[in-house]
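*Asks:* Mind looking over this structure? Questions follow.
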Amino acid sequence: MARDFNRNSRNEHRDSSGPPDLSQASFGKTSHSIAISQSTEIELKFFVPAQTLESLIKDKSFDVLEQHYFSRDEVKKLRLEYSLHEHVENSHEFRVARVRQTKTHSGERSYLIEFKGKKEDICRREYGIPLSRKEYRELLERASAGSVEKRRFEIEGHIEHNGSYVRAVAQVDVILKAGRPLTPLATSLTTVDIELSSVELAEALRKGKHSFSFLERCLDISADETEAGKSLTTRKLAKYGLDKERRDALRELENLAKRLSV
């Protein structure tokens, strides 16, 4: 029975036009059959002034995530090592890879390597392969393109669509450390990700047909269309930390967010 190893993708949209089911595929360096999660990620991302969510996440349990990114050259090697070209259509399009450790609030740990395709507006193909602790630690030595550490809280809500209420989960990420080496940030950065099962649900969310009232004071940075949004992607924050460019971008987003609350 296939297992979903991407525990944070609660509302996953399967790409019916994509590659075949790989639930028991054997990949490259792994010596055992594994389940690979494959999906088209449909996600809206928001910048949140920290004080906006203080009361909602206070005393709430959270998971701790560490994400470590690979250089472009390493991604090419990893695609071959995990034989993605044999199982995934247009595997060359997956130019971003990261390895992740998730520690739940109950102390359980899981490990995953994820390959991500080209982003098209709010949609992106992604593939996740579970790892053992040993495999994770070996890959960690090769992840030289930066890291982030964050706390992830979850807030449940719903979206109104076609006369129904569709359950949705807002993943609140408070980034506390970033860069090479992993360094505590002078000021934390908070974002909200909401993964959705269809573009139609994303459009309904953007139109305000939802129960997440705090989004009224948040900036939609899903498409990374602004310079500030482009500077504050998780991957760039992982690579550069909170350097001058990212501090300036953070101030710009904070100022824009203040106008929303006036």
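Residues are referred to by chain and number: the chain letter is A, B, ... according to the order shown in the structure tokens, the number counts from 1 in that chain, and ligands are numbered separately from 1 in the order shown.
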Do you have, as JSON lines, the list of residues of region 227-260 of chain A lying at most 10 Å from region 59-71 of chain A, each with its nearest atom pair and that distance in Å to one decimal, counting only C-alpha atoms and ordered by chain then number?
*Replies:*
```
{"residue": "A:Thr234", "atom": "CA", "partner": "A:Gln67", "partner_atom": "CA", "distance": 9.3}
{"residue": "A:Arg235", "atom": "CA", "partner": "A:Tyr69", "partner_atom": "CA", "distance": 7.3}
{"residue": "A:Lys236", "atom": "CA", "partner": "A:Tyr69", "partner_atom": "CA", "distance": 9.9}
{"residue": "A:Ala238", "atom": "CA", "partner": "A:Tyr69", "partner_atom": "CA", "distance": 7.6}
{"residue": "A:Lys239", "atom": "CA", "partner": "A:Tyr69", "partner_atom": "CA", "distance": 8.2}
```
*Asks:* As a list of chain:residue names, please: the residues near region 160-173 of chain A (cut-off 8 Å, only C-alpha atoms, same-chain neighbours under 4 positions excluded).
*Replies:* A:Arg10, A:Asn11, A:Lys150, A:Arg151, A:Arg152, A:Phe153, A:Glu154, A:Ile155, A:Glu156, A:Thr190, A:Thr191, A:Val192, A:Asp193, A:Ile194, A:Glu195, A:Leu196, A:Leu201, A:Ala204, A:Lys209, A:His210
*Asks:* Write the residues of the selection above to a file with C-alpha atoms, as a short mmCIF file (atom, residue, chain, number, x, y, z; two decimals), in the first residue's frame.
*Replies:*
```cif
data_model
loop_
_atom_site.label_atom_id
_atom_site.label_comp_id
_atom_site.auth_asym_id
_atom_site.auth_seq_id
_atom_site.Cartn_x
_atom_site.Cartn_y
_atom_site.Cartn_z
CA ARG A 10 -2.65 17.71 3.15
CA ASN A 11 -4.54 18.84 0.03
CA LYS A 150 11.66 26.87 10.87
CA ARG A 151 8.77 26.13 13.16
CA ARG A 152 5.59 25.05 11.42
CA PHE A 153 2.20 25.64 12.98
CA GLU A 154 -1.09 24.61 11.41
CA ILE A 155 -4.36 26.53 11.44
CA GLU A 156 -7.42 24.75 10.09
CA THR A 190 6.78 34.49 9.02
CA THR A 191 4.98 33.15 5.97
CA VAL A 192 1.74 31.24 5.43
CA ASP A 193 1.42 28.49 2.81
CA ILE A 194 -1.92 27.01 1.81
CA GLU A 195 -1.78 24.00 -0.49
CA LEU A 196 -4.92 23.40 -2.54
CA LEU A 201 -10.01 26.71 -4.95
CA ALA A 204 -11.83 31.35 -4.34
CA LYS A 209 -14.18 33.19 0.25
CA HIS A 210 -12.57 31.55 3.27
#
```
*Asks:* Would you please work out which residue, of A:Thr40, A:Val48, A:Ile129, A:Arg180, is nearest to Leu215 (chain A) when using only C-alpha atoms?
*Replies:*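 Looking only at the distances to Leu215 (chain A), the closest residue turns out to be A:Val48.
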*Asks:* Could you list, as a PyMOL selection string, every residue within 10 Å of Thr52 (chain A), counting only C-alpha atoms and ignoring same-chain residues fewer than 2 positions away?
*Replies:* chain A and resi 48-50+54-57+190+214-215+217-218+261
*Asks:* In region 78-179 of chain A, what's helix (DSSP H, G or I) per DSSP? Answer as a PyMOL selection string?
*Replies:* chain A and resi 78-81+84-87+91-93+133-140
*Asks:* CA of Glu126 (chain A) to CA of Leu112 (chain A): how many Å, to one decimal?
*Replies:* 12.2 Å
*Asks:* Looking only at the backbone, which of the residues in region 15-231 of chain A does DSSP tag as strand (DSSP E or B), as a CSV table (one decimal) with C-alpha atoms, in the first residue's frame?
*Replies:*
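Listing of out_19.csv after writing:
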```csv
chain,number,residue,atom,x,y,z
A,37,SER,CA,5.0,10.9,-3.6
A,38,GLN,CA,4.4,12.8,-6.8
A,39,SER,CA,2.0,15.7,-7.2
A,40,THR,CA,1.4,19.0,-8.8
A,41,GLU,CA,1.7,21.4,-5.9
A,42,ILE,CA,-0.8,24.2,-6.1
A,43,GLU,CA,0.0,26.7,-3.4
A,44,LEU,CA,-0.7,30.2,-2.3
A,45,LYS,CA,2.0,31.9,-0.2
A,46,PHE,CA,1.5,34.9,2.0
A,47,PHE,CA,3.9,37.2,3.9
A,63,ASP,CA,6.9,20.8,14.1
A,64,VAL,CA,10.5,21.8,13.5
A,65,LEU,CA,11.7,21.6,9.9
A,66,GLU,CA,15.2,21.7,8.6
A,67,GLN,CA,15.6,22.2,4.8
A,68,HIS,CA,19.0,22.0,3.1
A,69,TYR,CA,19.4,22.8,-0.6
A,96,VAL,CA,15.7,22.3,-7.5
A,97,ALA,CA,16.3,19.7,-4.8
A,98,ARG,CA,16.4,19.8,-1.1
A,99,VAL,CA,16.7,17.4,1.7
A,100,ARG,CA,14.4,17.8,4.7
A,101,GLN,CA,14.2,16.6,8.3
A,102,THR,CA,10.9,17.0,10.1
A,103,LYS,CA,10.7,16.7,13.9
A,109,ARG,CA,11.6,12.3,13.0
A,110,SER,CA,11.2,11.7,9.2
A,111,TYR,CA,13.5,12.4,6.3
A,112,LEU,CA,12.8,13.3,2.7
A,113,ILE,CA,14.5,14.4,-0.5
A,114,GLU,CA,12.4,16.5,-2.8
A,115,PHE,CA,12.8,17.4,-6.4
A,116,LYS,CA,10.9,20.4,-7.7
A,120,GLU,CA,4.2,28.1,-13.4
A,123,CYS,CA,1.6,25.4,-9.8
A,124,ARG,CA,4.7,23.3,-9.6
A,125,ARG,CA,5.5,19.6,-10.1
A,126,GLU,CA,7.3,18.0,-7.2
A,127,TYR,CA,8.5,14.5,-6.2
A,128,GLY,CA,9.5,13.3,-2.7
A,129,ILE,CA,11.5,10.2,-1.8
A,130,PRO,CA,11.7,9.1,1.8
A,131,LEU,CA,15.1,8.5,3.3
A,147,SER,CA,19.7,25.9,4.8
A,148,VAL,CA,16.7,27.1,6.7
A,149,GLU,CA,15.2,26.0,10.0
A,150,LYS,CA,11.7,26.9,10.9
A,151,ARG,CA,8.8,26.1,13.2
A,152,ARG,CA,5.6,25.0,11.4
A,153,PHE,CA,2.2,25.6,13.0
A,154,GLU,CA,-1.1,24.6,11.4
A,155,ILE,CA,-4.4,26.5,11.4
A,156,GLU,CA,-7.4,24.8,10.1
A,157,GLY,CA,-10.1,26.5,8.2
A,158,HIS,CA,-12.3,26.2,5.1
A,159,ILE,CA,-12.8,27.7,1.6
A,160,GLU,CA,-16.3,28.3,0.1
A,161,HIS,CA,-16.6,26.8,-3.4
A,164,SER,CA,-19.7,23.8,-0.3
A,165,TYR,CA,-17.1,24.3,2.5
A,166,VAL,CA,-13.8,22.7,1.6
A,167,ARG,CA,-11.4,22.0,4.4
A,168,ALA,CA,-8.0,23.8,4.2
A,169,VAL,CA,-4.9,24.0,6.3
A,170,ALA,CA,-2.8,27.1,6.6
A,171,GLN,CA,0.8,26.2,7.3
A,172,VAL,CA,2.4,29.0,9.3
A,173,ASP,CA,6.2,28.9,9.0
A,174,VAL,CA,8.3,31.0,11.4
A,175,ILE,CA,11.8,31.0,10.0
A,176,LEU,CA,14.3,31.3,12.8
A,177,LYS,CA,17.6,30.3,11.2
A,178,ALA,CA,19.0,30.6,7.6
A,179,GLY,CA,22.1,30.8,5.5
A,183,THR,CA,22.6,31.2,11.6
A,184,PRO,CA,19.9,32.6,13.9
A,185,LEU,CA,18.1,35.5,12.2
A,186,ALA,CA,18.1,38.9,13.9
A,187,THR,CA,14.4,39.0,13.3
A,188,SER,CA,12.2,36.0,12.4
A,189,LEU,CA,10.3,35.8,9.1
A,190,THR,CA,6.8,34.5,9.0
A,191,THR,CA,5.0,33.2,6.0
A,192,VAL,CA,1.7,31.2,5.4
A,193,ASP,CA,1.4,28.5,2.8
A,194,ILE,CA,-1.9,27.0,1.8
A,195,GLU,CA,-1.8,24.0,-0.5
A,210,HIS,CA,-12.6,31.5,3.3
A,219,LEU,CA,0.5,40.0,1.3
A,220,ASP,CA,0.0,37.4,-1.4
```
